[in-house]
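In what follows, a single structure is set out as structure tokens and then discussed.
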Amino acid sequence: MAQSSVRGDGPAVEDTMSLAARDEDPQSGEPGGEPGGGPAEGRGRHGGGGGGRRRGGRRGAGRSRGRRVLRWSATVLAVVIAGTAGAGYLYYQHLNGNIKKDKLNLGDNKIAAPTPNAAGQTPLNILLIGSDARDNKENQKLGGARETFGGTPLADVQMLLHLSADRSNMSVVSMPRDTLVQIPKCTDPDDGKVYPASTRPTATNESLGHGGPGCTVATWQELTGIHIDHFMMIDFSGVVSMADAIGGVPVCVDANIHSRNASGEGSGLKLEKGTTKIKGETALKWLRTRYGFGDNTDLYRAEAQHMYMNSMVRELRANATLSNPNKLRKLAEAATEAIVVDEGLGTIAKMYDLANELKKVPTDRITMTTMPNRLVGNRVEPTDDAETVFRMVREDVALDGKDKKKAKKEEKESSDPAAADEEIAVQVRNGTGTDTLAPVGGRATAVTQLLAGEGFTQAVADSSSSVAQPTTVVRFPSADLEGDAQRVAKALGIPLSAVKKSTDVSGVTLIVGADWREGTKYEAPKKEDKTPESANALNASDDSKCMEVNPNYTWEKEKEKE
């Protein structure tokens, strides 16, 4: 990103967004516990690191030239995207020293960055992670669960922030912490320990314990196919310090709420009906609350987090009191101490550049969503609607539906020439199953016969297992097979956009999707660039929302006085 300058009489103030850590879990009987998940041996990580140097002018020159001050913006998306002001080079270095860094991606599979648009711009994808780590006394006090002190942390808040290539809009997609995923093989950058890929669907929040936040990034990339540029991670104490530094954010409930039941489960949040400005530990309780909102699930907790983040954006953009340099300095201190970031965001200068990009997005073009999902026991898994959301993010389509119509992209043919049809080995798999329909029996064999009729005599049907695939795709493992894969696609009328490189296959592989359950001619489905209703989209400019309170978690003020 090109570095931007800041001009004017006062420091820039930008958007703030908050992450929180997890709430109590009924299966464990302790805050944030997971069924069957006991404490594990902890380890120290994420040592502080000083960033690169950048002078803000000659030392001492500010007083002699009036009120010139070194200005910068610190981006902190875990709790804050904010502009801050400092007082000189030494303080700048001090803030750099506060920032803790870790490796971006601990997996083996790397996804290529998106192709720049006509103006040379590319979208930015930032994974926001809330850790439940009880790795110090303050986090232990805030998180509870004494027996988990020093245990393996969980990534109990995961939100993907997508900034469009033209900087006109921003989308945030939350993934519930108990989403079942395949965690890829990850290698801990501190000690070289290798965590094997999961052999069964595993809760996504466990990815953080497989070497650090870089494994959570790798897990997201494997699931979504979205290239992730950066991550930001925060813990309990970080949320509290940032919420205090910001000075309070208004939230609303439609009834009196007390998140505590007879068994002691709940965050302890207690608010009266209507709008209340919250900060510090109360803000943490709001962001962790599950018992008391809606049906007591993570889906309502995500909705509460989205309301808080949107309210914070509106508050900071409207709050003139944040032009106070001392207040902004405290915000910068709290922000840089609160987060862990990847090395690509490891200095104030880099955060400043990112802040300048983020501030270009109008409030009414910020959209919060939750990954569409369905229940599997007491966990959830992505649905076909989730793939629609992921595709829209991959293709840089705004989730608010306000994009201008984009010119259709020309399909790019491979420069690698294809082999003769009869020499191309093709494996055909049956991926015709859906949320509600079983795979079509014999479909892989039927399409293999179609290929043989087109001259692909080395095509074979893989009848060992069925895989769910919403749309038909052709995959290939290496560049020397791209031409062959495209030739297979052309023979069947499959668009070249459905030909993808993947390390999950060993040769050219055709996966017959749910969009081709019958017939001998493939017809590509028309893509509807519309955010599914199941994503529960919420616009940042909407200040009319109140959280729905579960009737079992209300209280009456009059009775308390008696």
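FYI, nothing fancy with the structure tokens labels: chains A, B, ... in order, residues from 1 per chain, ligands from 1 as they appear.
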**Study point:** A:Asn169 environment, 6 Å, only C-alpha atoms, sequence neighbours closer than 5 positions dropped, as a PyMOL selection string
**Key:** chain A and resi 164+361+365-366
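Each of A:Asn109, A:Thr388, A:Ser497, A:Ser414 was checked against A:Gly483 using only C-alpha atoms; the smallest atom-to-atom distance is that of A:Ser414.
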Study note, to complete from the structure: Using only C-alpha atoms, the best pick from A:Leu331, A:Cys186, A:Thr531, A:Val340 as closest to A:Asp385 would be A:Thr531
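With only C-alpha atoms as the atoms that count, the residue of A:Asp480, A:Asn539, A:Tyr352, A:Arg429 with the shortest distance to A:Ala332 is A:Tyr352.
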Check your understanding: Contacts of A:Ser464 at 10 Å or less, counting only C-alpha atoms, minus same-chain residues fewer than 2 places along, as a PyMOL selection string?
Key -> chain A and resi 429-430+461-462+466
**Study point:** DSSP-assigned strand (DSSP E) members of stretch 137-317 of chain A, reported as a PyMOL selection string
**Key:** chain A and resi 155-163+170-175+180-181+186-187+194-195+202-203+230-234+249-253+257-258+270-271+274-278
Mind dumping the selected residues with C-alpha atoms as a compact mmCIF listing (two decimals), in the first residue's frame?
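This is the output file again-v6.txt:
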# COMPACT_ATOMS: atom_id res chain seq x y z
CA ALA A 155 -9.85 -18.75 18.93
CA ASP A 156 -13.36 -18.12 20.18
CA VAL A 157 -14.01 -15.06 18.02
CA GLN A 158 -13.17 -15.22 14.32
CA MET A 159 -14.20 -12.50 11.88
CA LEU A 160 -12.94 -11.99 8.36
CA LEU A 161 -12.82 -8.32 7.38
CA HIS A 162 -12.89 -7.75 3.62
CA LEU A 163 -11.96 -4.31 2.26
CA MET A 170 -16.25 -3.29 3.74
CA SER A 171 -17.74 -6.66 4.68
CA VAL A 172 -17.24 -8.65 7.88
CA VAL A 173 -18.05 -12.38 8.10
CA SER A 174 -18.16 -14.03 11.54
CA MET A 175 -17.64 -17.77 11.91
CA LEU A 180 -16.76 -28.01 12.28
CA VAL A 181 -13.83 -27.71 9.85
CA CYS A 186 0.42 -26.51 10.89
CA THR A 187 3.99 -26.00 12.14
CA VAL A 194 4.22 -30.11 13.65
CA TYR A 195 0.48 -30.46 14.28
CA THR A 202 -12.95 -30.30 14.41
CA ALA A 203 -14.21 -27.10 16.07
CA HIS A 230 -3.19 -10.05 7.69
CA PHE A 231 -4.49 -11.07 11.08
CA MET A 232 -5.05 -9.22 14.37
CA MET A 233 -5.58 -11.03 17.67
CA ILE A 234 -6.70 -9.76 21.09
CA VAL A 249 -20.07 2.67 23.28
CA PRO A 250 -23.89 2.76 23.36
CA VAL A 251 -25.72 -0.58 23.16
CA CYS A 252 -29.41 -1.44 23.37
CA VAL A 253 -31.49 -4.31 24.81
CA ILE A 257 -31.08 -8.45 31.12
CA HIS A 258 -28.97 -10.36 33.64
CA LYS A 270 -26.66 -6.72 33.81
CA LEU A 271 -28.34 -3.84 31.99
CA GLY A 274 -33.06 0.59 26.45
CA THR A 275 -29.71 2.16 25.53
CA THR A 276 -26.69 2.18 27.84
CA LYS A 277 -23.16 3.37 27.20
CA ILE A 278 -20.76 0.61 28.20
Review point. What are the DSSP helix (DSSP H, G or I) residues of stretch 339-528 of chain A, as a ChimeraX atom specification?
Key: /A:343-345,348-358,363-365,384-394,421-423,443-453,479-492,496-498
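Using only C-alpha atoms for every distance, the candidate list A:Glu337, A:Glu528, A:Asp229, A:Asp400 yields A:Asp400 as the residue closest to A:Ala540.
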Revision key, fill the gap. re atom CA of A:Ala245 and atom CA of A:Asp353: distance 22.0 Å
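The closest residue to A:Lys110, picked from A:Asp178, A:Asp190, A:Asp543, A:Glu222 and counting only C-alpha atoms, is A:Glu222.
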